[in-house]
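Trainee: To start, I am sharing the structure in question, which I have written as structure tokens.
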Protein chains: 2
Amino acid sequence: VTSLLSRIEAVVGDDGVRVDADVLERHSVDWSRTAAQRPAAVIRPASSDQVAGVLALCRSAAQPIVVQGGLSGVCGAATPRRGEFALTLERMSAIEAVDTDGLLVVAEAGAILQRVQEAAAAAGLLFPLDLGARGSCTVGGNIATNAGGNRVIRYGTMRNLVLGLEVVLADGSVVPARQRILKDATGYDLKQWFIGAEGTLGVVTRATLRVEPRPQSANSALLAVPDFDAVRTVLSSLRRELVGGPSAFEVMWADYWQSVAATRARLGLSLDGAHAYFVLVEHEGFDDALDSERFAAALGRLVERGAIADAVVAQSARERDAFWQVRDAVADVLSAMRHPVTFDVGLAAAGMPRFLERLQRAFEARLPGTRAVHVAHLGDGTLHILADAVELAREHEVADVVYATVAELGASVSTEHGIGMLKRDYLRHSRSAAELAMMRGLKSLLDPSGILGRGRILSDPA
Amino acid sequence: VTSLLSRIEAVVGDDGVRVDADVLERHSVDWSRTAAQRPAAVIRPASSDQVAGVLALCRSAAQPIVVQGGLSGVCGAATPRRGEFALTLERMSAIEAVDTDGLLVVAEAGAILQRVQEAAAAAGLLFPLDLGARGSCTVGGNIATNAGGNRVIRYGTMRNLVLGLEVVLADGSVVPARQRILKDATGYDLKQWFIGAEGTLGVVTRATLRVEPRPQSANSALLAVPDFDAVRTVLSSLRRELVGGPSAFEVMWADYWQSVAATRARLGLSLDGAHAYFVLVEHEGFDDALDSERFAAALGRLVERGAIADAVVAQSARERDAFWQVRDAVADVLSAMRHPVTFDVGLAAAGMPRFLERLQRAFEARLPGTRAVHVAHLGDGTLHILADAVELAREHEVADVVYATVAELGASVSTEHGIGMLKRDYLRHSRSAAELAMMRGLKSLLDPSGILGRGRILSDPA
């Protein structure tokens, strides 16, 4: 390893290889805080050519590598395994171009999401991806996980925001990010292979990203809704009545709402009473006065129809922020649990109540007394289950119950966080043997020695 | 072949195999009308399982197959080669579900695009893909070519409209179209591999498609614009000022405008005079009165700034239709040429004038007197060149000059029509050896015997 590291140092420079204990510690685990493992070294290339040089050397030496972005993932895709080098693009964080005419931004993969948002905003534009980890997550990580985030129902996932990718393959070859246009029909669209691949197929080093004109208005409301059919009615009405549709539609079950009572009290939120569902809805538009009027009118009609029992419309950015604090109080909920386990299963909105009934019954049969609360991004089909396993030993049992229900109802094991190492053994609940074989085939094609992200998504080769 | 056909007939039924001369003739060539070749048989499966059975038999017999949709492609992807069977999904054209709540349509791949549009419209929804061949092209063909069409700058290409795909692989296995939600993070997104693959990697048999609320207003204008910088100013202003941006922005060079003089005269179009560029712009919205007012106001400001020299706003659906007739008079232009050759090269709008200057110089140097006219979909980077090669023998020379310029300026060989057989030898102008090797790798992985669309996109294996 020492001789390999010195050869790598010759490529990336003195500052490009770190083995100090504090640096290794910082790179030892993602936000799951599970199965931390210090990498054998942290490699910090400063250019795509350096990444290529590093990969070529590692491949010759059969040295495994894990690619890291902001380490804000929660499924262990970026957590090192014993003996791996951590490859970080923190020295490749430049925002290289903001093209207001072509509506695009070119950034190195190590660029922090928030910096990209700010660069776009400074030019009067919007980079639509937004998520809680904006201050630490990177463009490369957003691509590796095909991030969706807070506005996904309006702007789509990262896949829809990427025009071109530069990728370094495991053999050290560089596939350039040529495309700066919306369409291209020159054979297979290779960049799609790497989006959502969690760093297992190549190292994304640079991206050309789409930006949009910056919205001029934002309207937010918290709604109390009597039943799930009404929740669906509210979403489908607002999709038709608000131009462009809502940008967020976050559903909180009463169980979640109760468990964030302290947060609500602190914020002085006036919406209260015993309702079955609470919804945070947001719309962005281009005409401040008119959009507010239409937003209020659309909600008013739903109140008249009985689909909304109670509503508070944000009158200021501060109130809007308070709504999001309630929605984002997941961390408080989890910290009040003895051993929390979280899930991001996927299914069409219509199927969610049935899914939860089945799950409830399965818990009662196999793990009586299991407590869980629920939040959904209804428009994109994500159902978050925040369960308390009470003790570590029961964590796997809780997961087994949830994923058995996923398999039974043809749902998805993950819509947001991905598979990584932590959900790898459950992937077969959503994907057939034939699909897994196709994935393995592509993995072998691009990384025959298996040096990149080994054991993430797919299990280790036998 | 006869014994293979009788085994196939056992799978697809009597009506599933046709060898009548008139049927073979109908399946012998796409809209390019180039290199027609009757297939050895036309196979018409009626279900995914039948497709799987046919592929398994053909694979065992090493029988090559070309998959056909509506045959409206123009690069020979669906034109048979000698000895191939044509596989058509014309018996698999059902629109199986229209889900107004989930905003999706499920259709078999043989469904005609226009039927999908109509099914969505009947439910008050919009399936956004639209193109001239709507009455004959199929969902499967739209997917195989990653079609963009008339509204691509507003709604994206087919890739952005596909939620899930059912695909039959060359070995006869069926990969199901499970996904009905916007996001999924369960490993590699396999469906992406098949979108835009021109039928070379598998047979798409069924798709889950996204639909949108149906717009309530449409505004169209024809603009005369003094120079190319002004054209770009108009586009970027309208992108900022019209909610959602224009749905179409079609630029006609003066050379094209002159060559459609007869069509314009027949339609009595009042916009005239010597201008450098003419633009058809269209916007769709949700508020008839307000949208018209804003559309006119936005154009008015551009007139004041001198970016627009003259404008006609459509006052009726008939006038709007006339505008599109001028834009779609490409066929008339081509029929007036002695030996037309057409191109759909791709590059950022900013680079188009320089590209055309270079091309003009290259024509003068190598093929003096070559006449060409130009149309661009500016928002997505497509530049159509309609050139007259005058005689068949010069067709390749014209293409060589165009694609040499493409290579020189790092442009794309195709943004719309794809590669097929006719542009295969030019693909290397847009794609590196490493990229072509990646494509070959995926092709070998999924279709090791090379029975599907052999010689399309990639050349025949050595």
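Each chain of the structure tokens is named A, B, ... in the order shown, its residues numbered from 1; ligands are numbered from 1 in display order.
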Which residues, written as a PyMOL selection string, have at least one atom at most 7 Å from range 76-87 of chain A, with only C-alpha atoms counted and residues fewer than 6 positions away on the same chain left out?

Mentor: chain A and resi 28-30+32+36-44+64-68+198+420-422+456

Trainee: Take the residues that were just selected and, keeping C-alpha atoms, output them as a PDB file, in the first residue's frame.

Mentor:
ATOM      1  CA  SER A  28     -15.144   7.024   8.015  1.00  0.00           C
ATOM      2  CA  VAL A  29     -18.943   7.064   7.859  1.00  0.00           C
ATOM      3  CA  ASP A  30     -21.986   8.683   6.240  1.00  0.00           C
ATOM      4  CA  SER A  32     -26.319   6.713   8.857  1.00  0.00           C
ATOM      5  CA  ALA A  36     -18.000   3.307  10.552  1.00  0.00           C
ATOM      6  CA  GLN A  37     -14.638   2.252   9.136  1.00  0.00           C
ATOM      7  CA  ARG A  38     -11.612   4.453   8.579  1.00  0.00           C
ATOM      8  CA  PRO A  39     -10.358   4.289   4.991  1.00  0.00           C
ATOM      9  CA  ALA A  40      -6.777   3.162   4.384  1.00  0.00           C
ATOM     10  CA  ALA A  41      -6.117   6.608   2.896  1.00  0.00           C
ATOM     11  CA  VAL A  42      -7.989   9.653   1.659  1.00  0.00           C
ATOM     12  CA  ILE A  43      -7.127  10.549  -1.952  1.00  0.00           C
ATOM     13  CA  ARG A  44      -7.826  14.116  -3.047  1.00  0.00           C
ATOM     14  CA  PRO A  64     -10.613  -0.934  -3.864  1.00  0.00           C
ATOM     15  CA  ILE A  65     -11.945   2.617  -3.723  1.00  0.00           C
ATOM     16  CA  VAL A  66     -15.049   4.268  -2.355  1.00  0.00           C
ATOM     17  CA  VAL A  67     -16.055   7.592  -3.900  1.00  0.00           C
ATOM     18  CA  GLN A  68     -17.294  10.170  -1.392  1.00  0.00           C
ATOM     19  CA  GLU A 198     -24.039   5.291  -6.291  1.00  0.00           C
ATOM     20  CA  GLY A 420     -25.687   1.288  -0.668  1.00  0.00           C
ATOM     21  CA  MET A 421     -24.586  -1.432   1.705  1.00  0.00           C
ATOM     22  CA  LEU A 422     -27.410  -1.157   4.208  1.00  0.00           C
ATOM     23  CA  ARG A 456     -22.686  -1.327  -2.775  1.00  0.00           C
TER      24      ARG A 456
END

Trainee: Tell me as an mmCIF file with N, CA, C and O atoms, in the first residue's frame which residues belonging to chain B come within 6 Å of chain A, counting only C-alpha atoms.

Mentor:
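In the end it all went to iface27.cif:
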data_model
loop_
_atom_site.group_PDB
_atom_site.id
_atom_site.type_symbol
_atom_site.label_atom_id
_atom_site.label_comp_id
_atom_site.auth_asym_id
_atom_site.auth_seq_id
_atom_site.Cartn_x
_atom_site.Cartn_y
_atom_site.Cartn_z
ATOM 1 N N ASP B 101 -55.642 10.564 -11.504
ATOM 2 C CA ASP B 101 -55.151 10.889 -10.181
ATOM 3 C C ASP B 101 -53.626 10.764 -10.147
ATOM 4 O O ASP B 101 -52.912 11.665 -9.694
ATOM 5 N N ILE B 181 -44.208 5.375 -10.292
ATOM 6 C CA ILE B 181 -43.958 6.554 -9.472
ATOM 7 C C ILE B 181 -42.791 7.332 -10.058
ATOM 8 O O ILE B 181 -42.012 6.808 -10.845
ATOM 9 N N LEU B 182 -42.706 8.604 -9.654
ATOM 10 C CA LEU B 182 -41.738 9.509 -10.269
ATOM 11 C C LEU B 182 -40.307 9.136 -9.922
ATOM 12 O O LEU B 182 -39.391 9.344 -10.704
ATOM 13 N N LYS B 183 -40.108 8.626 -8.710
ATOM 14 C CA LYS B 183 -38.751 8.344 -8.261
ATOM 15 C C LYS B 183 -38.585 6.872 -7.961
ATOM 16 O O LYS B 183 -39.511 6.208 -7.544
ATOM 17 N N ASP B 184 -37.379 6.379 -8.123
ATOM 18 C CA ASP B 184 -37.060 5.026 -7.704
ATOM 19 C C ASP B 184 -35.559 4.985 -7.519
ATOM 20 O O ASP B 184 -34.821 5.564 -8.301
ATOM 21 N N ALA B 185 -35.111 4.354 -6.474
ATOM 22 C CA ALA B 185 -33.671 4.367 -6.192
ATOM 23 C C ALA B 185 -33.180 2.967 -5.892
ATOM 24 O O ALA B 185 -32.326 2.768 -5.063
ATOM 25 N N THR B 186 -33.741 1.989 -6.621
ATOM 26 C CA THR B 186 -33.363 0.598 -6.381
ATOM 27 C C THR B 186 -32.345 0.133 -7.414
ATOM 28 O O THR B 186 -32.628 -0.705 -8.262
ATOM 29 N N GLY B 187 -31.153 0.689 -7.330
ATOM 30 C CA GLY B 187 -30.077 0.267 -8.236
ATOM 31 C C GLY B 187 -30.165 0.933 -9.590
ATOM 32 O O GLY B 187 -30.849 1.942 -9.755
ATOM 33 N N TYR B 188 -29.450 0.369 -10.560
ATOM 34 C CA TYR B 188 -29.356 1.008 -11.877
ATOM 35 C C TYR B 188 -30.735 1.116 -12.524
ATOM 36 O O TYR B 188 -31.542 0.189 -12.449
ATOM 37 N N ALA B 197 -32.337 3.681 -27.859
ATOM 38 C CA ALA B 197 -31.426 2.623 -28.347
ATOM 39 C C ALA B 197 -31.842 2.074 -29.703
ATOM 40 O O ALA B 197 -31.239 1.127 -30.207
ATOM 41 N N PRO B 213 -51.652 18.089 -16.617
ATOM 42 C CA PRO B 213 -52.930 18.785 -16.786
ATOM 43 C C PRO B 213 -52.950 19.468 -18.163
ATOM 44 O O PRO B 213 -51.911 19.912 -18.653
ATOM 45 N N SER B 236 -34.424 34.175 -25.008
ATOM 46 C CA SER B 236 -34.114 34.202 -23.573
ATOM 47 C C SER B 236 -35.069 35.128 -22.821
ATOM 48 O O SER B 236 -35.434 34.850 -21.680
ATOM 49 N N ARG B 240 -37.897 33.890 -19.766
ATOM 50 C CA ARG B 240 -38.055 34.505 -18.453
ATOM 51 C C ARG B 240 -39.459 35.037 -18.235
ATOM 52 O O ARG B 240 -39.995 35.000 -17.139
ATOM 53 N N ALA B 348 -25.160 24.228 -29.351
ATOM 54 C CA ALA B 348 -25.782 25.316 -28.622
ATOM 55 C C ALA B 348 -26.110 26.445 -29.604
ATOM 56 O O ALA B 348 -25.370 26.687 -30.561
ATOM 57 N N ASP B 380 -33.626 23.703 -28.142
ATOM 58 C CA ASP B 380 -33.030 22.412 -27.809
ATOM 59 C C ASP B 380 -31.769 22.136 -28.606
ATOM 60 O O ASP B 380 -31.208 21.041 -28.533
ATOM 61 N N GLY B 381 -31.327 23.113 -29.399
ATOM 62 C CA GLY B 381 -30.036 22.963 -30.065
ATOM 63 C C GLY B 381 -30.033 22.147 -31.340
ATOM 64 O O GLY B 381 -28.998 21.629 -31.747
ATOM 65 N N SER B 414 -26.472 14.020 -34.661
ATOM 66 C CA SER B 414 -27.930 13.934 -34.713
ATOM 67 C C SER B 414 -28.541 14.270 -33.362
ATOM 68 O O SER B 414 -28.059 13.816 -32.330
ATOM 69 N N THR B 415 -29.594 15.065 -33.392
ATOM 70 C CA THR B 415 -30.322 15.326 -32.147
ATOM 71 C C THR B 415 -31.727 14.744 -32.197
ATOM 72 O O THR B 415 -32.387 14.668 -31.164
ATOM 73 N N GLU B 416 -32.197 14.392 -33.373
ATOM 74 C CA GLU B 416 -33.601 14.012 -33.490
ATOM 75 C C GLU B 416 -33.821 12.646 -34.119
ATOM 76 O O GLU B 416 -34.551 11.831 -33.596
ATOM 77 N N GLY B 418 -31.728 10.224 -34.997
ATOM 78 C CA GLY B 418 -30.951 9.071 -34.575
ATOM 79 C C GLY B 418 -29.935 8.651 -35.625
ATOM 80 O O GLY B 418 -29.676 9.369 -36.602
ATOM 81 N N ILE B 457 -26.904 1.777 -35.459
ATOM 82 C CA ILE B 457 -26.061 2.546 -34.523
ATOM 83 C C ILE B 457 -24.605 2.080 -34.627
ATOM 84 O O ILE B 457 -23.725 2.866 -34.958
#

Trainee: How many Å lie between CA of Ala331 in chain A and CA of Phe228 in chain A, rounded to one decimal?

Mentor: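 According to the coordinates, CA of Ala331 in chain A and CA of Phe228 in chain A are separated by 25.0 Å.
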
Trainee: As an MDAnalysis selection string, please: every residue in range 118-363 of chain B that DSSP puts in alpha helix (DSSP H).

Mentor: chainID B and resid 118:122 139:144 152:155 158:161 191:194 228:241 254:259 261:267 288:304 317:327 330:335 352:363

Trainee: Could you list, as a ChimeraX atom specification, every residue within 12 Å of range 313-326 of chain A, counting only C-alpha atoms and ignoring same-chain residues fewer than 4 positions away?

Mentor: /A:131-132,150,217-224,248-252,256-271,278-283,292-293,295-300,330-333,375

Trainee: Would you save the residues from that selection as a short mmCIF file (atom, residue, chain, number, x, y, z; two decimals), in the first residue's frame, using N, CA and C atoms?

Mentor:
data_model
loop_
_atom_site.label_atom_id
_atom_site.label_comp_id
_atom_site.auth_asym_id
_atom_site.auth_seq_id
_atom_site.Cartn_x
_atom_site.Cartn_y
_atom_site.Cartn_z
N LEU A 131 -32.35 20.22 -1.10
CA LEU A 131 -32.60 19.24 -0.04
C LEU A 131 -31.91 19.69 1.23
N GLY A 132 -32.30 19.09 2.34
CA GLY A 132 -31.81 19.52 3.65
C GLY A 132 -30.29 19.59 3.74
N ASN A 150 -36.77 18.63 -2.35
CA ASN A 150 -38.00 19.31 -1.98
C ASN A 150 -38.91 19.71 -3.13
N SER A 217 -42.53 34.26 -7.10
CA SER A 217 -43.48 34.19 -5.99
C SER A 217 -43.40 32.83 -5.34
N ALA A 218 -43.72 32.78 -4.05
CA ALA A 218 -43.80 31.50 -3.35
C ALA A 218 -44.97 31.56 -2.38
N ASN A 219 -45.84 30.59 -2.43
CA ASN A 219 -46.97 30.52 -1.52
C ASN A 219 -46.97 29.17 -0.83
N SER A 220 -47.18 29.20 0.48
CA SER A 220 -47.13 27.97 1.28
C SER A 220 -48.33 27.93 2.20
N ALA A 221 -48.79 26.73 2.46
CA ALA A 221 -49.88 26.56 3.43
C ALA A 221 -49.72 25.25 4.18
N LEU A 222 -50.24 25.24 5.39
CA LEU A 222 -50.39 24.01 6.15
C LEU A 222 -51.87 23.69 6.19
N LEU A 223 -52.21 22.47 5.83
CA LEU A 223 -53.61 22.08 5.73
C LEU A 223 -53.92 20.94 6.69
N ALA A 224 -55.10 20.95 7.28
CA ALA A 224 -55.60 19.80 8.02
C ALA A 224 -56.63 19.11 7.13
N ALA A 248 -44.16 21.44 -3.83
CA ALA A 248 -44.02 20.50 -2.73
C ALA A 248 -45.40 20.10 -2.23
N PHE A 249 -45.54 18.86 -1.82
CA PHE A 249 -46.80 18.37 -1.26
C PHE A 249 -46.43 17.28 -0.27
N GLU A 250 -46.25 17.70 0.99
CA GLU A 250 -45.71 16.85 2.03
C GLU A 250 -46.82 16.45 2.98
N VAL A 251 -47.09 15.17 3.06
CA VAL A 251 -48.20 14.69 3.89
C VAL A 251 -47.66 14.14 5.21
N MET A 252 -48.23 14.64 6.31
CA MET A 252 -47.85 14.16 7.64
C MET A 252 -49.05 13.44 8.25
N TYR A 256 -47.34 11.32 13.15
CA TYR A 256 -46.17 12.20 13.05
C TYR A 256 -46.46 13.55 13.70
N TRP A 257 -47.62 14.10 13.36
CA TRP A 257 -48.03 15.42 13.86
C TRP A 257 -47.99 15.48 15.40
N GLN A 258 -48.48 14.39 16.02
CA GLN A 258 -48.46 14.35 17.48
C GLN A 258 -47.03 14.29 18.01
N SER A 259 -46.18 13.56 17.31
CA SER A 259 -44.83 13.40 17.84
C SER A 259 -43.97 14.65 17.64
N VAL A 260 -44.45 15.64 16.89
CA VAL A 260 -43.71 16.90 16.78
C VAL A 260 -44.44 18.03 17.52
N ALA A 261 -45.24 17.65 18.51
CA ALA A 261 -46.02 18.64 19.28
C ALA A 261 -45.13 19.71 19.90
N ALA A 262 -43.98 19.30 20.42
CA ALA A 262 -43.09 20.27 21.07
C ALA A 262 -42.59 21.31 20.07
N THR A 263 -42.20 20.84 18.91
CA THR A 263 -41.74 21.75 17.85
C THR A 263 -42.85 22.71 17.46
N ARG A 264 -44.06 22.18 17.32
CA ARG A 264 -45.19 23.04 16.94
C ARG A 264 -45.46 24.10 18.00
N ALA A 265 -45.40 23.67 19.25
CA ALA A 265 -45.65 24.61 20.35
C ALA A 265 -44.61 25.73 20.34
N ARG A 266 -43.36 25.34 20.15
CA ARG A 266 -42.28 26.33 20.11
C ARG A 266 -42.49 27.35 18.98
N LEU A 267 -43.00 26.85 17.85
CA LEU A 267 -43.21 27.73 16.70
C LEU A 267 -44.53 28.49 16.78
N GLY A 268 -45.38 28.12 17.75
CA GLY A 268 -46.67 28.79 17.90
C GLY A 268 -47.59 28.60 16.71
N LEU A 269 -47.57 27.41 16.12
CA LEU A 269 -48.41 27.14 14.95
C LEU A 269 -49.88 27.06 15.35
N SER A 270 -50.73 27.82 14.68
CA SER A 270 -52.12 27.95 15.10
C SER A 270 -53.00 26.77 14.64
N LEU A 271 -52.53 26.02 13.63
CA LEU A 271 -53.33 24.90 13.12
C LEU A 271 -53.30 23.76 14.13
N PHE A 278 -52.07 16.05 7.90
CA PHE A 278 -51.65 17.44 7.78
C PHE A 278 -50.75 17.53 6.55
N VAL A 279 -50.94 18.58 5.76
CA VAL A 279 -50.23 18.69 4.50
C VAL A 279 -49.51 20.03 4.42
N LEU A 280 -48.24 20.00 4.06
CA LEU A 280 -47.51 21.22 3.72
C LEU A 280 -47.49 21.31 2.19
N VAL A 281 -48.12 22.36 1.67
CA VAL A 281 -48.16 22.52 0.21
C VAL A 281 -47.50 23.83 -0.15
N GLU A 282 -46.77 23.81 -1.27
CA GLU A 282 -46.07 25.02 -1.69
C GLU A 282 -46.19 25.16 -3.20
N HIS A 283 -46.30 26.41 -3.64
CA HIS A 283 -46.36 26.69 -5.08
C HIS A 283 -45.44 27.85 -5.40
N SER A 292 -50.74 34.62 -5.29
CA SER A 292 -51.26 34.51 -3.92
C SER A 292 -52.77 34.39 -3.94
N GLU A 293 -53.38 35.22 -4.78
CA GLU A 293 -54.83 35.23 -4.89
C GLU A 293 -55.35 33.87 -5.36
N PHE A 295 -53.78 30.98 -5.26
CA PHE A 295 -53.46 29.95 -4.27
C PHE A 295 -54.55 29.92 -3.20
N ALA A 296 -54.88 31.10 -2.67
CA ALA A 296 -55.91 31.19 -1.63
C ALA A 296 -57.26 30.73 -2.17
N ALA A 297 -57.57 31.11 -3.42
CA ALA A 297 -58.86 30.74 -3.99
C ALA A 297 -58.97 29.23 -4.18
N ALA A 298 -57.88 28.61 -4.65
CA ALA A 298 -57.89 27.16 -4.87
C ALA A 298 -58.09 26.43 -3.54
N LEU A 299 -57.43 26.90 -2.50
CA LEU A 299 -57.61 26.29 -1.18
C LEU A 299 -59.04 26.52 -0.68
N GLY A 300 -59.55 27.74 -0.91
CA GLY A 300 -60.91 28.07 -0.47
C GLY A 300 -61.94 27.12 -1.06
N VAL A 330 -38.14 15.64 11.61
CA VAL A 330 -37.89 14.19 11.62
C VAL A 330 -36.78 13.85 12.61
N ALA A 331 -35.73 14.68 12.60
CA ALA A 331 -34.58 14.41 13.49
C ALA A 331 -35.03 14.39 14.95
N ASP A 332 -35.93 15.31 15.34
CA ASP A 332 -36.43 15.33 16.72
C ASP A 332 -37.21 14.06 17.03
N VAL A 333 -38.03 13.65 16.04
CA VAL A 333 -38.82 12.44 16.23
C VAL A 333 -37.89 11.25 16.46
N VAL A 375 -44.62 9.94 7.13
CA VAL A 375 -44.57 11.17 6.33
C VAL A 375 -44.46 10.73 4.88
#

Trainee: Which residues, written as a PDB file with N, CA and C atoms, in the first residue's frame, have at least one atom at most 7 Å from Gly199 in chain A, with only C-alpha atoms counted and residues fewer than 3 positions away on the same chain left out?

Mentor:
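This went into part-v1.pdb:
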ATOM      1  N   VAL A  67     -15.973   6.179  -3.543  1.00  0.00           N
ATOM      2  CA  VAL A  67     -16.055   7.592  -3.900  1.00  0.00           C
ATOM      3  C   VAL A  67     -16.950   8.284  -2.878  1.00  0.00           C
ATOM      4  N   ALA A 144     -24.917  10.728  -8.129  1.00  0.00           N
ATOM      5  CA  ALA A 144     -24.749   9.313  -7.773  1.00  0.00           C
ATOM      6  C   ALA A 144     -26.020   8.739  -7.164  1.00  0.00           C
ATOM      7  N   GLY A 202     -18.293   4.336 -12.124  1.00  0.00           N
ATOM      8  CA  GLY A 202     -17.310   5.291 -12.596  1.00  0.00           C
ATOM      9  C   GLY A 202     -17.331   6.477 -11.645  1.00  0.00           C
ATOM     10  N   VAL A 203     -16.368   7.378 -11.818  1.00  0.00           N
ATOM     11  CA  VAL A 203     -16.306   8.561 -10.960  1.00  0.00           C
ATOM     12  C   VAL A 203     -16.763   9.770 -11.785  1.00  0.00           C
ATOM     13  N   LEU A 452     -14.428  -0.278  -7.743  1.00  0.00           N
ATOM     14  CA  LEU A 452     -15.242   0.896  -7.385  1.00  0.00           C
ATOM     15  C   LEU A 452     -16.482   0.517  -6.588  1.00  0.00           C
ATOM     16  N   GLY A 453     -16.583   1.006  -5.381  1.00  0.00           N
ATOM     17  CA  GLY A 453     -17.809   0.837  -4.590  1.00  0.00           C
ATOM     18  C   GLY A 453     -18.242  -0.614  -4.480  1.00  0.00           C
TER      19      GLY A 453
END

Trainee: Within 12 Å of Ala393 in chain B, counting only C-alpha atoms, which residues qualify if same-chain residues fewer than 6 places away don't, as a ChimeraX atom specification?

Mentor: /B:339-341,399

Trainee: Which of range 239-344 of chain B counts as strand (DSSP E) under DSSP, as a list in words please?

Mentor: Ala248, Phe249, Glu250, Val251, Met252, Trp253, Tyr277, Phe278, Val279, Leu280, Val281, Glu282, His283, Glu284, Gly285, Asp310, Ala311, Val312, Val313, Pro340, Val341, Thr342, Phe343 and Asp344 of chain B

Trainee: Identify, on the basis of only C-alpha atoms, every residue whose closest approach to Leu165 in chain B does not exceed 6 Å; exclude the query and any residue fewer than 5 positions from it along the same chain; express the result as number ranges by chain.

Mentor: B: 177, 191, 206-207

Trainee: Based on the selection just made, write N, CA and C atoms of those residues as a CSV table (one decimal), in the first residue's frame.

Mentor:
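What follows is the written file result11.csv:
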chain,number,residue,atom,x,y,z
B,177,ALA,N,-42.5,-3.7,-16.4
B,177,ALA,CA,-42.6,-2.3,-16.2
B,177,ALA,C,-43.2,-2.0,-14.9
B,191,LYS,N,-34.4,0.9,-17.4
B,191,LYS,CA,-35.2,1.4,-18.5
B,191,LYS,C,-34.5,2.4,-19.3
B,206,ARG,N,-44.3,-2.4,-23.5
B,206,ARG,CA,-45.3,-1.7,-22.8
B,206,ARG,C,-44.7,-0.5,-22.0
B,207,ALA,N,-45.4,0.6,-21.9
B,207,ALA,CA,-44.8,1.8,-21.2
B,207,ALA,C,-45.8,2.4,-20.2

Trainee: Neighbours of Leu386 in chain B within 8 Å (only C-alpha atoms; same-chain residues fewer than 3 positions away dropped), as an MDAnalysis selection string?

Mentor: chainID B and resid 334 340:343 372:374

Trainee: Measure the distance from CA of Arg358 in chain B to CA of Glu395 in chain B in Å and round it to one decimal.

Mentor: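 Those two atoms sit 19.0 Å apart.
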
Trainee: Of the residues A:Val234, A:Leu359, A:Val167, A:Met352, which is the one nearest to Arg301 in chain A, using only C-alpha atoms?

Mentor: A:Val234

Trainee: One number please: CA of Glu304 in chain B to CA of Ala122 in chain A, in Å, one decimal.

Mentor: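 Result for CA of Glu304 in chain B versus CA of Ala122 in chain A: 27.1 Å, one decimal.
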
Trainee: Between A:Asp425, A:Gly70, A:Ala437, A:Ala97, which residue has the minimum interatomic distance to Ser459 in chain A, considering only C-alpha atoms?

Mentor: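 Smallest distance to Ser459 in chain A is found for A:Asp425.
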